[in-house]
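**Student:** Before I ask anything, let me first share the structure, which is written out below as structure tokens.
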Amino acid sequence: MKRALVAVLLVLSALSAYGANRFPMPQFEKGYFIPESTAPAARVAWLEVLDAGVLFAALSLAAWLVLKKRSRRGLVALTVFSVAYFGFWRAGCICPVGSIQNVALSLCGGGYVLPLTAAVFFILPLVFALLFGRVFCAAVCPLGAVQDLVVLFPVRVPRPLASLLGLIPFVYLGLGVLFAATGAAYVVCRLDPFVPLFRFGGDLPILLAGIGFLLLGIFVARPYCRFLCPYGVLLNWAARLSMWRVTITPDECVKCRLCERACPFDAIRVPNASQSGEKRRADTRRLALLLCLVPLLVLAGGWSTSRLDRVFARMHPAVRLLDAVRNGDEASRNSMAYELEAFGGSGVTKEDLAATADAVAGRYRTGGWLLGGFLGAVFGISLIGAAIRRTRETYEPDRGQCLACARCFMSCPVEHQRRREAAGRRL
Amino acid sequence: MASVENRSGLHYSIACAVALVAVAFTVAVGMLMVSSYLAARTSSPLNLTELDRLRAAIPGDASGDAVRTRIRDLDHVARQLYFGGLHSLRTGCYLFLLGAIISLAGIKVAITLKARRPDPRGYPPAVGELELLASARFVIAATAVGLVTVAILIGIMERRRDGGEPPVRVDGAFKGEVAGSARSPAFRGFAGSGVAAFTNTPVAWDVRTGSNVLWMVKIPLAGMSSPVVWGTRVFVTGASDEKRVVYCHDLDSGTCLWQADVKVAGDTAGKVPTVNKDTGFAASTPVTDGNAVYAIFANGQVAGIDSCAREMWTIDLGLPGNKYGYSASLAMHAGKVLVQFDTGEDGRQSQLVALDSGSGRRVWTMDRPVTDSWPSPVLVETGQGTQLVTVANEYIIAYDPATGAELWRVKCGGTDVAATPICAGGLVIAAIAHDKTYAIRPDGRGDVTASHVAWTSEDGTSDVPSPVSDGELIYFAHSSGMITCVDVKTGQTVWSKGLEAEFYASPGLAGDRIYLVARSGEVFILKAGRMYEEIGRAHLGEPSDCSPAFVDGRILLRGLNHLFCIGMKLPAGDAGDRNEVTAPAGTQANGMDQGL
């Protein structure tokens, strides 16, 4: 199991190396100087401002289309635009999903300056979620938009399975922040399955994963958004506090269940006022027990995850290099041939490298406590959430999970009636 | 009505047909792309057997030209095929995307046309919420327990595999103030104190026979600066009135890895500073942080050179006005290169300057109330944080290295101050030439002349060499050859001894061995203690005014013409072991070719 986890982490991190096009240089004999490799120029400043402006405009438009105009057609048009602009034109970078790591590194990375664009892309969708719900997911996020376009034959994921899969984004978020904050890697970006599609190239396994997600998305709507996206966790939290949010019906609900079936994300909560409940005393006792359990889960999670420091540390290039320098086998030496060559020419001693790696391992011990504590708190709070029964008289979108796609109210007969009446008044 | 249904049926059929064709097209393009990708991934012209055969068959005479032409043609064709494959892959991407869009649109249209009016009566009954909540609780709890268990098991197995030891550890044992550091990055080592982190340095060597001389290498341009070491790299500077160079040598072999010219820019261009013969144009020792080396020369030019010999930046501080030439070495703190630029000889303002090591940009500049001086700034760790201590003719001043803010100062006398201060026994020890030695408690603020001077002593106060201390005793070397040992707590003289030598270089202490390099090149090795005891004497074979740098088992010494690496050779080598390396001709750094 341990080896499997290490292997998965390393393989995932090494996938990008697999995609590099390493082609031998021609051997020139007559004084030809091979041009020095140069890094691509940074995106010009005015284009970055334009990107931020387009994001703000797209979020505003999405909020208007969802809450005021209530137009699914408009959202589809915005979805296509987002795929074209934020996806293909901007090559999927920087996106709010990945910006979590920039923010984490800037907060913990001592010296890393958070670019303004990254800050704007991180904050704007969250602000809009606090105001209007997950309008970013509705049609602005290129990753969500491209998945939304391929939803053809949606099926329902069984609730227990959905509950299980719904925990993955928290783990992914925690790991992404941990590895970014410790300077190991931007794993969320490296493993982003859709960026290679937007760029028409990249690591083959990631590319295939992207295609796989899209094929799966034909039946399971937006699998990445619902069961993997780390930024979705933050948007979920923000949307629960939103000032305005999607309403299914503009008038009294006729409880036709059409919206329930129209939502491919299973984010409509059904009325439960008529359902019989458990005895109040049993409910209270369970809740009290779970409240006591939360600190224990935080401690247990923190302690057990801190024990994985050595496993996590192997994701860091300094530790991997030290392993390869010290006692790497033939395969690891071959896979790190360039790093070993660079190390040999750097003048850095093994002792210095070991000291660096030791400091890295120390950071992962602390990071393990924080990550495990966070996950323990998430599990505890989720348990409490699953122990509290809220009474609903009518069909409602789940505040956190609703992606504001507008499918529900477009299926509502009351909404259709309203539109017909509005059209009649205009005539 | 029938015509509408017929039309709808026709549209549906068209949509299905378009979707079907588009899907088939997309799948075909996708398969071709995968095939092309795999072919491009696995192909490499170096693996062509025909190329290998031709390479092996190249004859040494002129008839080989035909073979070479054939090789070039084959190589060209292989590359054309490879990059052609990549190009077709890109084209395939566009076709794949087009096919996918048309497929998707066709299927969506077909679904819309065929969609039936929903009938909620056929929907399965909603699952009770209590059941859903119970199943969610079970799943969450089971997942939590499972994850904690897996994490604990992995942690236990991981620790068992490593035998309970930390995942990384420092190999080798180093004794000294900074454990695990095989480097001497600045003038007089880490703390600028001349105290080595090693005790395994040799006490005998012979340059003529090569005994315990690991290597010696000629340095083309003269310099009174001392070597600095980081890892396996040794840096020294040399300069003339026209040229300033940073040299990088391999610690193990002495091989010159690169040399980098420091270009003159700014107002200093074309101006030659006035220097004393004993100071020269490269008296200041450089400093390194492992990523780059930073050097200052007699003309006030400061440069940052990266590990590939590329000049990262250079700035011009202006021509110094020091009457003997500029000699203060650089210090480094938290990414800042610190320059004590005491040039206030003829009305100019002396300054303390902090430069950003990455860009050369001034981080802060502090005006100093002193005239020209020759000592180097020293970083001192105190209970209240790190202090940058400077000495000059009029004042001993400590600064906050982060901001440049003055922390404390002591008024002193003296002229031509050159000795760098040290920290010993919790006191700052400053030898002020033609005045006396001051021992100062560094925990004061403001002018602490009256309050924080623990003792002063006029005995043995060194003029050019800086003192060295083992924490109990302080050892002063005077340029006249007088060696004086005083008690660090009281300033009382413990012993003094006159040697037949002149000293400009500062002594170094490794364990209980004091290394004193005389101007003649003779090296006196004394035992540190309350009694004078000479335990060794060696000779470099040429004059030297440079202070020693210590690394694990080795001493780096610089003479007038050579850089020496002194180290244990077991068994003692003969003349044949002497590893003389000369700097490769024409190794001027020019980017990648000379980079490491």
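A note on labels: chains of the structure tokens are A, B, ... as shown, every chain counts residues from 1, and ligands are counted from 1 in their shown order.
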Counting only C-alpha atoms, which residues from chain A have an atom at most 7 Å from any atom of chain B, and could you show them as a short mmCIF file (atom, residue, chain, number, x, y, z; two decimals) with C-alpha atoms, in the first residue's frame?

**Tutor:**
```
data_model
loop_
_atom_site.label_atom_id
_atom_site.label_comp_id
_atom_site.auth_asym_id
_atom_site.auth_seq_id
_atom_site.Cartn_x
_atom_site.Cartn_y
_atom_site.Cartn_z
CA LYS A 2 2.80 2.36 0.99
CA VAL A 150 -20.67 17.09 -23.62
CA LEU A 152 -25.68 14.04 -23.47
CA PRO A 160 -23.67 6.66 -1.21
CA SER A 163 -21.03 10.92 -0.88
CA LEU A 164 -17.80 8.97 -1.07
CA PHE A 200 -3.42 20.54 -28.43
CA CYS A 256 -43.99 18.15 -10.43
CA ARG A 257 -40.46 16.69 -9.92
CA LEU A 258 -39.42 17.87 -13.39
CA GLY A 301 -6.13 13.00 11.12
CA SER A 304 -1.73 9.96 11.16
CA THR A 305 -1.07 12.27 8.21
CA ARG A 307 3.35 10.11 9.78
CA LEU A 308 3.33 10.33 5.99
CA ARG A 310 8.56 10.84 4.38
CA GLY A 345 28.09 20.71 -12.00
CA GLY A 347 29.24 22.76 -6.84
CA VAL A 348 26.64 21.99 -4.18
CA THR A 349 27.82 19.36 -1.75
CA GLU A 351 25.82 17.75 2.82
CA ASP A 352 24.17 20.94 1.62
CA ALA A 354 21.00 16.73 2.66
CA ALA A 355 20.49 19.79 4.84
CA ALA A 357 16.20 17.84 2.13
CA ASP A 358 16.12 17.64 5.91
CA PHE A 379 -14.95 14.66 7.86
CA LEU A 383 -20.76 13.85 9.64
CA ALA A 386 -25.35 14.31 7.67
CA ALA A 387 -26.85 14.15 11.14
#
```

**Student:** Among the residues of region 449-564 of chain B, find those DSSP assigns to strand (DSSP E or B) from the backbone and print them as JSON, numbers by chain.

**Tutor:** {"B": [453, 454, 455, 456, 457, 468, 469, 473, 474, 475, 476, 477, 482, 483, 484, 485, 486, 487, 493, 494, 495, 496, 497, 498, 508, 509, 510, 513, 514, 515, 516, 517, 522, 523, 524, 525, 526, 527, 534, 535, 536, 537, 538, 539, 549, 550, 551, 554, 555, 556, 557, 558, 562, 563, 564]}

**Student:** Residues within 10 Å of Ala39 (chain B), please, as an MDAnalysis selection string. Count only C-alpha atoms; anything in the same chain fewer than 6 positions from it doesn't count.

**Tutor:** chainID B and resid 33 82 85:86

**Student:** Any chance you can output those residues with C-alpha atoms as a CSV table (one decimal), in the first residue's frame?

**Tutor:**
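Below is the file that was written, result18.csv:
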```
chain,number,residue,atom,x,y,z
B,33,MET,CA,-3.0,10.7,-34.1
B,82,TYR,CA,10.4,13.5,-37.2
B,85,GLY,CA,5.3,13.8,-37.9
B,86,LEU,CA,4.9,16.5,-35.2
```

**Student:** Compile the contact shell of Ala354 (chain B) as a compact mmCIF listing (two decimals) with C-alpha atoms, in the first residue's frame: residues with an atom at most 7 Å away, counting only C-alpha atoms, same-chain residues fewer than 2 positions apart removed.

**Tutor:**
```
# COMPACT_ATOMS: atom_id res chain seq x y z
CA LYS B 336 22.09 41.26 0.45
CA VAL B 337 25.69 41.99 -0.43
CA LEU B 338 27.09 44.39 2.17
CA VAL B 339 29.79 46.87 1.21
CA LEU B 352 27.58 51.37 4.08
CA ASP B 356 20.34 42.97 -3.67
CA ARG B 362 20.62 49.16 -3.73
CA VAL B 363 18.45 47.93 -0.88
CA TRP B 364 19.64 50.54 1.56
CA THR B 365 22.50 52.99 1.95
```

**Student:** Find the residues near Arg199 (chain A): any atom within 10 Å, counting only C-alpha atoms, skip ones fewer than 2 places away on the same chain, and give them as a PyMOL selection string.

**Tutor:** (chain A and resi 87-92+194-197+201-202) or (chain B and resi 93)

**Student:** Could you pull out the alpha helix (DSSP H) residues of region 234-382 of chain A, going by DSSP on the backbone, and write them as a PyMOL selection string?

**Tutor:** chain A and resi 234-240+258-262+280-306+309-313+317-327+330-335+337-346+350-382

**Student:** Name the residues in contact with Leu540 (chain B) at a cut-off of 8 Å, using only C-alpha atoms, excluding same-chain residues fewer than 5 positions from it; report them as number ranges by chain.

**Tutor:** B: 206-207, 521-523, 559

**Student:** Using the selection just defined, write its residues with N, CA and C atoms as a CSV table (one decimal), in the first residue's frame.

**Tutor:**
```csv
chain,number,residue,atom,x,y,z
B,206,ASP,N,55.3,20.7,2.1
B,206,ASP,CA,56.5,21.2,1.4
B,206,ASP,C,56.1,21.4,-0.1
B,207,VAL,N,56.2,22.7,-0.4
B,207,VAL,CA,55.8,23.0,-1.8
B,207,VAL,C,56.8,22.5,-2.8
B,521,GLY,N,55.9,34.4,2.8
B,521,GLY,CA,55.4,33.1,2.4
B,521,GLY,C,55.6,32.1,3.4
B,522,GLU,N,56.3,32.4,4.5
B,522,GLU,CA,56.5,31.4,5.5
B,522,GLU,C,55.2,31.3,6.4
B,523,VAL,N,54.9,30.1,6.7
B,523,VAL,CA,53.6,29.9,7.5
B,523,VAL,C,54.0,29.4,8.9
B,559,GLY,N,49.3,32.7,-2.7
B,559,GLY,CA,50.6,33.4,-2.7
B,559,GLY,C,50.6,34.5,-3.8
```

**Student:** Find, counting only C-alpha atoms, the residue in B:Ser376, B:Ser547, B:Ser357, B:Gln384 that gets nearest to Val517 (chain B).

**Tutor:**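 Distance minimum relative to Val517 (chain B) lands on B:Ser547.
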
**Student:** For CA of Ala431 (chain B) and CA of Phe524 (chain B), quote the distance in Å rounded to one decimal.

**Tutor:** 21.5 Å

**Student:** Looking at only C-alpha atoms, which of A:Gly232, A:Pro413, A:Gly176, A:Pro142 is the one that sits closest to Ala129 (chain A)?

**Tutor:**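 With only C-alpha atoms as the atom set, the closest residue is A:Gly232.
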
**Student:** For Ser193 (chain B), work out the shell of residues within 7 Å, counting only C-alpha atoms and skipping chain neighbours fewer than 6 positions away, then give it as a list in words.

**Tutor:**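 In the requested form, the answer reads Ile422, Cys423 and Val468 of chain B.
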
**Student:** Keeping N, CA and C atoms, export the residues of the selection given above as a PDB file, in the first residue's frame.

**Tutor:**
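Final file, selection_17.pdb:
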```pdb
ATOM      1  N   ILE B 422      36.352  41.129  15.361  1.00  0.00           N
ATOM      2  CA  ILE B 422      35.854  39.761  15.550  1.00  0.00           C
ATOM      3  C   ILE B 422      34.911  39.759  16.748  1.00  0.00           C
ATOM      4  N   CYS B 423      34.239  38.642  16.935  1.00  0.00           N
ATOM      5  CA  CYS B 423      33.411  38.451  18.115  1.00  0.00           C
ATOM      6  C   CYS B 423      34.035  37.315  18.925  1.00  0.00           C
ATOM      7  N   VAL B 468      42.424  36.805  16.024  1.00  0.00           N
ATOM      8  CA  VAL B 468      41.647  35.566  16.008  1.00  0.00           C
ATOM      9  C   VAL B 468      41.521  35.090  17.458  1.00  0.00           C
TER      10      VAL B 468
END
```

**Student:** For a test of reading the model, state the distance in Å between CA of Trp374 (chain B) and CA of Val428 (chain B), rounded to one decimal.

**Tutor:**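 These atoms are spaced 17.8 Å apart.
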
**Student:** Which one of B:Ser451, B:Ile219, B:Thr288, B:Val203 sits closest to Arg537 (chain B) if you count only C-alpha atoms?

**Tutor:** B:Val203
